[in-house]
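Trainee: Handing you a structure now.
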Amino acid sequence: MPLVTTTEMFKKAYEGGYAIGAFNVNNMEIIQGITEAAAKLNAPLILQVSAGARKYANHTYLTKLVEAAVIETGLPIALHLDHGADFETCKSCIDGGFTSVMIDGSHLTYEENVALTKKVVEYAHAHSVTVEGELGRLAGVEDDVQVSEEDSSYTNPDEVYDFVTKTGVDSLAIAIGTSHGAFKFKPGQDPKIRLDILEEIEKQLPGFPIVLHGASSVVPEFVDEINKFGGKMDNAIGIPESELRKAAQKAVCKINIDSDLRLAMTAAIRKYMAENPSHFDPRQYLSPARDAIMEMVAHKIEFVLGCANKA
Ligand code: G3H
Ligand code: 13P
Ligand code: ZN
């Protein structure tokens, strides 16, 4: 099966009350860990590439690694641009074999966001590629840009119908209290997301796929392991799995996860290095890192996303 768009997987996810995991990929071990878990559980998958990932690993390397994963697993996999900042980046990914792109105009005025998103949709749809837009603004760090809590804003449910009909997007990322990175809540804060806003949005857009960014759980076991083996990640707090499960049963069809991959990998490498100080073959410490990713993704597929056996 070749790479697929998100159309079919979102339709089935919405109807089935589950979500697809969208995992950020930056190298071979990350791609292998994620796809091995999905293959074992027969789960559909979105592999997403940020501008930072393209800069780090190169567009062609990442595309070819993902194509290799499709050959190896036979799974329906969408290759998606994460946080496309402008038309040119989206066009380059569409021309370069991606099956889905995000145009992130969430920092623009409403009118500018509509105009830019519409332009990307026109080009993407002419090339059979699906498009994710964003309304509302998440807090956190992404591609070295830090959005403070004061500058973040929840999605206004009164705007979503107008935005979707004017732009023609295939899915919509919303801001309901998730945020990028490993420090999503302050200690003592109730780590809840605004499921009431999600429900309002669903009323305005029945049947339409919604996307959650910044949705890592910041798995406490990884944070503890990192701290135990010389790291310093005090007060790292993520979105509770119970909140994500509720969102996945509602209109959320795509859940973005990057920080949990980073934490799984870092925890495994720190532990390996601490326990094997004389080893220096990268295959020795990258193997447990890849295994840790595989186990974490398998857990998400079965117990958070609910997309096992939906490929
Ligand atoms: O939302 C951002 C993702 O975590 C990607 O992060 O831009 O550092 O690759 P990155
Ligand atoms: P996390 O930082 O919560 O993993 O979010 C990743 C993301 O939204 C990528 O677009
Ligand atoms: Zn994001």
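Naming scheme: A, B, ... for chains in displayed order of the structure tokens; residues 1 onward per chain; ligands 1 onward as shown.
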So that I can check the surroundings of region 2-8 of chain A, please list as a PyMOL selection string every protein, DNA and RNA residue that reaches within 12 Å of it, counting only C-alpha atoms and ignoring chain neighbours fewer than 2 positions away.
Mentor: chain A and resi 10-15+19-22+44-48+63-64+66-81+94+97-102+124-125+127-132+169-171+208-211+253-254+310-311
Trainee: Neighbouring residues of ligand 2 are defined here as those with any atom at most 7 Å from a ligand atom, counting only C-alpha atoms and all ligand atoms; list them as a PyMOL selection string.
Mentor: chain A and resi 24+82-83+179-182+213-216+256-260
Trainee: Restricted to all heavy atoms, what would the selected residues look like written as an mmCIF file, in the first residue's frame?
Mentor:
```cif
data_model
loop_
_atom_site.group_PDB
_atom_site.id
_atom_site.type_symbol
_atom_site.label_atom_id
_atom_site.label_comp_id
_atom_site.auth_asym_id
_atom_site.auth_seq_id
_atom_site.Cartn_x
_atom_site.Cartn_y
_atom_site.Cartn_z
ATOM 1 N N ASN A 24 5.924 12.648 15.742
ATOM 2 C CA ASN A 24 6.983 13.408 15.060
ATOM 3 C C ASN A 24 8.209 12.535 14.847
ATOM 4 O O ASN A 24 8.659 11.845 15.769
ATOM 5 C CB ASN A 24 7.375 14.635 15.889
ATOM 6 C CG ASN A 24 6.336 15.716 15.782
ATOM 7 O OD1 ASN A 24 5.255 15.603 16.363
ATOM 8 N ND2 ASN A 24 6.625 16.755 15.030
ATOM 9 N N ASP A 82 4.230 18.972 9.779
ATOM 10 C CA ASP A 82 3.762 19.518 11.057
ATOM 11 C C ASP A 82 4.094 21.009 11.112
ATOM 12 O O ASP A 82 5.235 21.413 10.847
ATOM 13 C CB ASP A 82 4.485 18.763 12.185
ATOM 14 C CG ASP A 82 3.902 19.043 13.553
ATOM 15 O OD1 ASP A 82 2.696 19.357 13.648
ATOM 16 O OD2 ASP A 82 4.659 18.922 14.545
ATOM 17 N N HIS A 83 3.123 21.832 11.445
ATOM 18 C CA HIS A 83 3.327 23.278 11.607
ATOM 19 C C HIS A 83 3.977 23.966 10.407
ATOM 20 O O HIS A 83 4.988 24.678 10.549
ATOM 21 C CB HIS A 83 4.154 23.584 12.870
ATOM 22 C CG HIS A 83 3.433 23.255 14.135
ATOM 23 N ND1 HIS A 83 2.433 24.044 14.650
ATOM 24 C CD2 HIS A 83 3.535 22.199 14.970
ATOM 25 C CE1 HIS A 83 1.956 23.497 15.755
ATOM 26 N NE2 HIS A 83 2.600 22.368 15.962
ATOM 27 N N SER A 179 -0.574 22.066 25.408
ATOM 28 C CA SER A 179 0.519 22.959 24.998
ATOM 29 C C SER A 179 1.737 22.135 24.618
ATOM 30 O O SER A 179 1.877 20.982 25.038
ATOM 31 C CB SER A 179 0.867 23.934 26.127
ATOM 32 O OG SER A 179 1.323 23.219 27.250
ATOM 33 N N HIS A 180 2.613 22.731 23.822
ATOM 34 C CA HIS A 180 3.794 22.001 23.365
ATOM 35 C C HIS A 180 4.843 21.873 24.469
ATOM 36 O O HIS A 180 4.959 22.748 25.314
ATOM 37 C CB HIS A 180 4.411 22.720 22.154
ATOM 38 C CG HIS A 180 3.547 22.654 20.924
ATOM 39 N ND1 HIS A 180 2.863 23.740 20.436
ATOM 40 C CD2 HIS A 180 3.250 21.620 20.109
ATOM 41 C CE1 HIS A 180 2.185 23.367 19.358
ATOM 42 N NE2 HIS A 180 2.400 22.094 19.137
ATOM 43 N N GLY A 181 5.613 20.789 24.400
ATOM 44 C CA GLY A 181 6.750 20.640 25.300
ATOM 45 C C GLY A 181 6.436 19.791 26.527
ATOM 46 O O GLY A 181 5.374 19.165 26.615
ATOM 47 N N ALA A 182 7.360 19.798 27.482
ATOM 48 C CA ALA A 182 7.268 18.884 28.633
ATOM 49 C C ALA A 182 6.759 19.568 29.900
ATOM 50 O O ALA A 182 6.637 18.937 30.939
ATOM 51 C CB ALA A 182 8.636 18.253 28.891
ATOM 52 N N HIS A 213 -2.945 19.243 19.241
ATOM 53 C CA HIS A 213 -1.487 19.379 19.348
ATOM 54 C C HIS A 213 -1.113 19.362 20.829
ATOM 55 O O HIS A 213 -1.969 19.458 21.699
ATOM 56 C CB HIS A 213 -1.040 20.707 18.727
ATOM 57 C CG HIS A 213 -0.985 20.652 17.236
ATOM 58 N ND1 HIS A 213 0.189 20.707 16.542
ATOM 59 C CD2 HIS A 213 -1.971 20.526 16.313
ATOM 60 C CE1 HIS A 213 -0.068 20.620 15.245
ATOM 61 N NE2 HIS A 213 -1.371 20.509 15.077
ATOM 62 N N GLY A 214 0.194 19.280 21.075
ATOM 63 C CA GLY A 214 0.679 19.390 22.452
ATOM 64 C C GLY A 214 0.052 18.354 23.368
ATOM 65 O O GLY A 214 -0.293 18.654 24.510
ATOM 66 N N ALA A 215 -0.075 17.122 22.880
ATOM 67 C CA ALA A 215 -0.877 16.122 23.598
ATOM 68 C C ALA A 215 -0.040 15.004 24.209
ATOM 69 O O ALA A 215 -0.557 13.917 24.461
ATOM 70 C CB ALA A 215 -1.942 15.556 22.663
ATOM 71 N N SER A 216 1.235 15.263 24.466
ATOM 72 C CA SER A 216 2.030 14.250 25.172
ATOM 73 C C SER A 216 1.598 14.180 26.637
ATOM 74 O O SER A 216 1.235 15.198 27.235
ATOM 75 C CB SER A 216 3.526 14.596 25.102
ATOM 76 O OG SER A 216 4.069 14.187 23.862
ATOM 77 N N ASN A 256 -1.366 14.596 18.504
ATOM 78 C CA ASN A 256 0.055 14.809 18.204
ATOM 79 C C ASN A 256 0.950 14.489 19.390
ATOM 80 O O ASN A 256 0.727 15.006 20.491
ATOM 81 C CB ASN A 256 0.283 16.280 17.832
ATOM 82 C CG ASN A 256 -0.176 16.620 16.441
ATOM 83 O OD1 ASN A 256 -0.886 15.835 15.815
ATOM 84 N ND2 ASN A 256 0.220 17.774 15.962
ATOM 85 N N ILE A 257 1.966 13.699 19.133
ATOM 86 C CA ILE A 257 2.883 13.293 20.203
ATOM 87 C C ILE A 257 4.326 13.418 19.729
ATOM 88 O O ILE A 257 4.731 12.756 18.769
ATOM 89 C CB ILE A 257 2.585 11.834 20.631
ATOM 90 C CG1 ILE A 257 1.171 11.754 21.236
ATOM 91 C CG2 ILE A 257 3.635 11.325 21.626
ATOM 92 C CD1 ILE A 257 0.628 10.368 21.402
ATOM 93 N N ASP A 258 5.067 14.274 20.384
ATOM 94 C CA ASP A 258 6.501 14.403 20.120
ATOM 95 C C ASP A 258 7.292 14.302 21.425
ATOM 96 O O ASP A 258 8.204 13.491 21.549
ATOM 97 C CB ASP A 258 6.790 15.738 19.422
ATOM 98 C CG ASP A 258 8.241 15.833 18.974
ATOM 99 O OD1 ASP A 258 8.992 14.848 19.145
ATOM 100 O OD2 ASP A 258 8.652 16.884 18.457
ATOM 101 N N SER A 259 6.913 15.101 22.421
ATOM 102 C CA SER A 259 7.695 15.132 23.668
ATOM 103 C C SER A 259 7.846 13.747 24.293
ATOM 104 O O SER A 259 8.918 13.407 24.817
ATOM 105 C CB SER A 259 7.062 16.103 24.672
ATOM 106 O OG SER A 259 7.130 17.416 24.170
ATOM 107 N N ASP A 260 6.798 12.922 24.260
ATOM 108 C CA ASP A 260 6.905 11.583 24.858
ATOM 109 C C ASP A 260 7.929 10.718 24.135
ATOM 110 O O ASP A 260 8.572 9.866 24.749
ATOM 111 C CB ASP A 260 5.537 10.886 24.877
ATOM 112 C CG ASP A 260 4.666 11.363 26.050
ATOM 113 O OD1 ASP A 260 5.223 11.854 27.054
ATOM 114 O OD2 ASP A 260 3.437 11.255 25.952
#
```
Trainee: Go through A:Lys203, A:Arg245, A:Lys271, A:Arg194 and flag the residue nearest Lys228 (chain A), using only C-alpha atoms for the distances.
Mentor: A:Lys271
Trainee: Point out the residue among A:Gly136, A:Ser217, A:Thr117, A:Ile226 with the least atom-to-atom distance to Lys300 (chain A), counting only C-alpha atoms.
Mentor: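 Of the candidates, the smallest distance to Lys300 (chain A) is held by A:Ser217.
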Trainee: Please return as a list in words the residues found within 6 Å of ligand 1, counting only C-alpha atoms and all ligand atoms.
Mentor: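 These are the residues that qualify: Ser50, Gly52, Ala53, Glu142, Asp143, His180 and Asp258 of chain A.
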Trainee: What does the file look like for those residues with all heavy atoms, as a PDB file, in the first residue's frame?
Mentor:
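Output saved as out.pdb:
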```pdb
ATOM      1  N   SER A  50       8.463  18.089  11.117  1.00  0.00           N
ATOM      2  CA  SER A  50       8.440  19.545  11.340  1.00  0.00           C
ATOM      3  C   SER A  50       9.505  20.213  10.464  1.00  0.00           C
ATOM      4  O   SER A  50      10.353  19.534   9.874  1.00  0.00           O
ATOM      5  CB  SER A  50       8.750  19.842  12.812  1.00  0.00           C
ATOM      6  OG  SER A  50      10.099  19.485  13.083  1.00  0.00           O
ATOM      7  N   GLY A  52      11.918  21.823  11.660  1.00  0.00           N
ATOM      8  CA  GLY A  52      13.159  21.479  12.363  1.00  0.00           C
ATOM      9  C   GLY A  52      13.663  20.097  11.973  1.00  0.00           C
ATOM     10  O   GLY A  52      14.867  19.886  11.844  1.00  0.00           O
ATOM     11  N   ALA A  53      12.742  19.158  11.783  1.00  0.00           N
ATOM     12  CA  ALA A  53      13.125  17.800  11.384  1.00  0.00           C
ATOM     13  C   ALA A  53      13.705  17.798   9.977  1.00  0.00           C
ATOM     14  O   ALA A  53      14.685  17.108   9.687  1.00  0.00           O
ATOM     15  CB  ALA A  53      11.916  16.871  11.461  1.00  0.00           C
ATOM     16  N   GLU A 142       7.807  25.572  20.236  1.00  0.00           N
ATOM     17  CA  GLU A 142       7.771  24.798  19.001  1.00  0.00           C
ATOM     18  C   GLU A 142       8.716  25.463  18.024  1.00  0.00           C
ATOM     19  O   GLU A 142       8.656  26.681  17.814  1.00  0.00           O
ATOM     20  CB  GLU A 142       6.311  24.669  18.569  1.00  0.00           C
ATOM     21  CG  GLU A 142       5.869  25.196  17.282  1.00  0.00           C
ATOM     22  CD  GLU A 142       4.398  25.622  17.274  1.00  0.00           C
ATOM     23  OE1 GLU A 142       3.636  25.371  18.215  1.00  0.00           O
ATOM     24  OE2 GLU A 142       4.047  26.240  16.282  1.00  0.00           O
ATOM     25  N   ASP A 143       9.655  24.665  17.502  1.00  0.00           N
ATOM     26  CA  ASP A 143      10.662  25.191  16.577  1.00  0.00           C
ATOM     27  C   ASP A 143      11.354  26.443  17.125  1.00  0.00           C
ATOM     28  O   ASP A 143      11.501  27.448  16.432  1.00  0.00           O
ATOM     29  CB  ASP A 143      10.006  25.504  15.231  1.00  0.00           C
ATOM     30  CG  ASP A 143      10.585  24.615  14.135  1.00  0.00           C
ATOM     31  OD1 ASP A 143      11.632  23.997  14.387  1.00  0.00           O
ATOM     32  OD2 ASP A 143       9.978  24.552  13.063  1.00  0.00           O
ATOM     33  N   HIS A 180       2.613  22.731  23.822  1.00  0.00           N
ATOM     34  CA  HIS A 180       3.794  22.001  23.365  1.00  0.00           C
ATOM     35  C   HIS A 180       4.843  21.873  24.469  1.00  0.00           C
ATOM     36  O   HIS A 180       4.959  22.748  25.314  1.00  0.00           O
ATOM     37  CB  HIS A 180       4.411  22.720  22.154  1.00  0.00           C
ATOM     38  CG  HIS A 180       3.547  22.654  20.924  1.00  0.00           C
ATOM     39  ND1 HIS A 180       2.863  23.740  20.436  1.00  0.00           N
ATOM     40  CD2 HIS A 180       3.250  21.620  20.109  1.00  0.00           C
ATOM     41  CE1 HIS A 180       2.185  23.367  19.358  1.00  0.00           C
ATOM     42  NE2 HIS A 180       2.400  22.094  19.137  1.00  0.00           N
ATOM     43  N   ASP A 258       5.067  14.274  20.384  1.00  0.00           N
ATOM     44  CA  ASP A 258       6.501  14.403  20.120  1.00  0.00           C
ATOM     45  C   ASP A 258       7.292  14.302  21.425  1.00  0.00           C
ATOM     46  O   ASP A 258       8.204  13.491  21.549  1.00  0.00           O
ATOM     47  CB  ASP A 258       6.790  15.738  19.422  1.00  0.00           C
ATOM     48  CG  ASP A 258       8.241  15.833  18.974  1.00  0.00           C
ATOM     49  OD1 ASP A 258       8.992  14.848  19.145  1.00  0.00           O
ATOM     50  OD2 ASP A 258       8.652  16.884  18.457  1.00  0.00           O
TER      51      ASP A 258
END
```
Trainee: Nearest to ligand 3: which of A:Thr178, A:Thr109, A:Ser153, A:Thr35 is it, counting only C-alpha atoms and all ligand atoms?
Mentor: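 Using only C-alpha atoms and all ligand atoms, the shortest distance to ligand 3 belongs to A:Thr178.
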Trainee: Have a look at CA of Arg137 (chain A) and CA of Asn156 (chain A) and let me know their distance in Å, one decimal.
Mentor: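 Separation between CA of Arg137 (chain A) and CA of Asn156 (chain A): 10.5 Å.
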Trainee: From the options A:Thr165, A:Asn227, A:Thr155, A:Ser106, which residue's atoms come nearest to ligand 3, counting only C-alpha atoms and all ligand atoms?
Mentor: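 Counting only C-alpha atoms and all ligand atoms, the residue closest to ligand 3 is A:Ser106.
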Trainee: Using DSSP secondary structure from the backbone, list all strand (DSSP E) positions within region 198-260 of chain A, as a list in words.
Mentor: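 Listing strand (DSSP E) positions across region 198-260 of chain A yields Ile210, Val211, Leu212, Val252, Cys253, Lys254, Ile255, Asn256 and Ile257 of chain A.
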Trainee: Give me a file of those residues, with all heavy atoms, as a compact mmCIF listing (two decimals), in the first residue's frame.
Mentor:
```txt
# COMPACT_ATOMS: atom_id res chain seq x y z
N ILE A 210 -11.20 16.81 14.28
CA ILE A 210 -10.48 17.80 15.08
C ILE A 210 -9.12 17.23 15.49
O ILE A 210 -8.98 16.02 15.69
CB ILE A 210 -11.32 18.15 16.34
CG1 ILE A 210 -12.68 18.77 15.93
CG2 ILE A 210 -10.56 19.06 17.29
CD1 ILE A 210 -12.59 20.05 15.14
N VAL A 211 -8.13 18.12 15.60
CA VAL A 211 -6.75 17.72 15.90
C VAL A 211 -6.31 18.33 17.23
O VAL A 211 -6.57 19.51 17.49
CB VAL A 211 -5.80 18.21 14.77
CG1 VAL A 211 -4.35 17.85 15.10
CG2 VAL A 211 -6.22 17.63 13.42
N LEU A 212 -5.62 17.53 18.04
CA LEU A 212 -5.03 18.05 19.28
C LEU A 212 -3.52 18.06 19.19
O LEU A 212 -2.89 17.01 19.05
CB LEU A 212 -5.40 17.15 20.46
CG LEU A 212 -6.64 17.44 21.29
CD1 LEU A 212 -6.55 16.69 22.61
CD2 LEU A 212 -6.87 18.92 21.52
N VAL A 252 -12.09 14.43 18.34
CA VAL A 252 -10.64 14.45 18.07
C VAL A 252 -10.23 13.17 17.33
O VAL A 252 -10.40 12.07 17.85
CB VAL A 252 -9.84 14.63 19.38
CG1 VAL A 252 -8.36 14.38 19.14
CG2 VAL A 252 -10.06 16.03 19.94
N CYS A 253 -9.70 13.34 16.13
CA CYS A 253 -9.30 12.20 15.29
C CYS A 253 -7.79 12.09 15.15
O CYS A 253 -7.29 11.10 14.64
CB CYS A 253 -9.90 12.34 13.89
SG CYS A 253 -11.69 12.25 13.88
N LYS A 254 -7.05 13.13 15.57
CA LYS A 254 -5.57 13.11 15.43
C LYS A 254 -4.98 13.68 16.71
O LYS A 254 -5.35 14.78 17.12
CB LYS A 254 -5.16 13.95 14.22
CG LYS A 254 -3.65 14.17 14.04
CD LYS A 254 -3.38 14.90 12.71
CE LYS A 254 -1.92 15.19 12.43
NZ LYS A 254 -1.44 16.46 12.97
N ILE A 255 -4.09 12.92 17.33
CA ILE A 255 -3.45 13.34 18.57
C ILE A 255 -1.94 13.40 18.34
O ILE A 255 -1.32 12.39 17.99
CB ILE A 255 -3.83 12.38 19.73
CG1 ILE A 255 -5.32 12.58 20.08
CG2 ILE A 255 -2.93 12.56 20.93
CD1 ILE A 255 -5.80 11.89 21.35
N ASN A 256 -1.37 14.60 18.50
CA ASN A 256 0.06 14.81 18.20
C ASN A 256 0.95 14.49 19.39
O ASN A 256 0.73 15.01 20.49
CB ASN A 256 0.28 16.28 17.83
CG ASN A 256 -0.18 16.62 16.44
OD1 ASN A 256 -0.89 15.83 15.82
ND2 ASN A 256 0.22 17.77 15.96
N ILE A 257 1.97 13.70 19.13
CA ILE A 257 2.88 13.29 20.20
C ILE A 257 4.33 13.42 19.73
O ILE A 257 4.73 12.76 18.77
CB ILE A 257 2.58 11.83 20.63
CG1 ILE A 257 1.17 11.75 21.24
CG2 ILE A 257 3.63 11.33 21.63
CD1 ILE A 257 0.63 10.37 21.40
```
Trainee: Applying 9 Å and only C-alpha atoms, which residues near region 266-270 of chain A remain after dropping the ones on its own chain fewer than 2 positions away? List them as a list in words.
Mentor: Glu221, Phe222, Val223, Asp224, Glu225, Ile226, Asn227, Phe229, Gly230, Gly231, Leu261, Arg262, Leu263, Ala264, Tyr272, Met273, Ala274, Glu275, Tyr285, Leu286, Pro288, Ala289, Arg290, Asp291 and Ala292 of chain A
Trainee: Can you tell me how far CA of Tyr61 (chain A) sits from CA of Gln32 (chain A), in Å to one decimal?
Mentor: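 Between CA of Tyr61 (chain A) and CA of Gln32 (chain A) the gap works out to 13.8 Å.
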Trainee: Quick one: of A:Leu62, A:Val120, A:Val114, A:Ala175, who's nearest to ligand 3, counting only C-alpha atoms and all ligand atoms?
Mentor: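 Comparing A:Leu62, A:Val120, A:Val114, A:Ala175 against ligand 3, the winner is A:Ala175.
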Trainee: Quick check for you: according to DSSP on this backbone, which residues of region 97-132 of chain A are classed as alpha helix (DSSP H)? Reply as a ChimeraX atom specification.
Mentor: /A:110-126
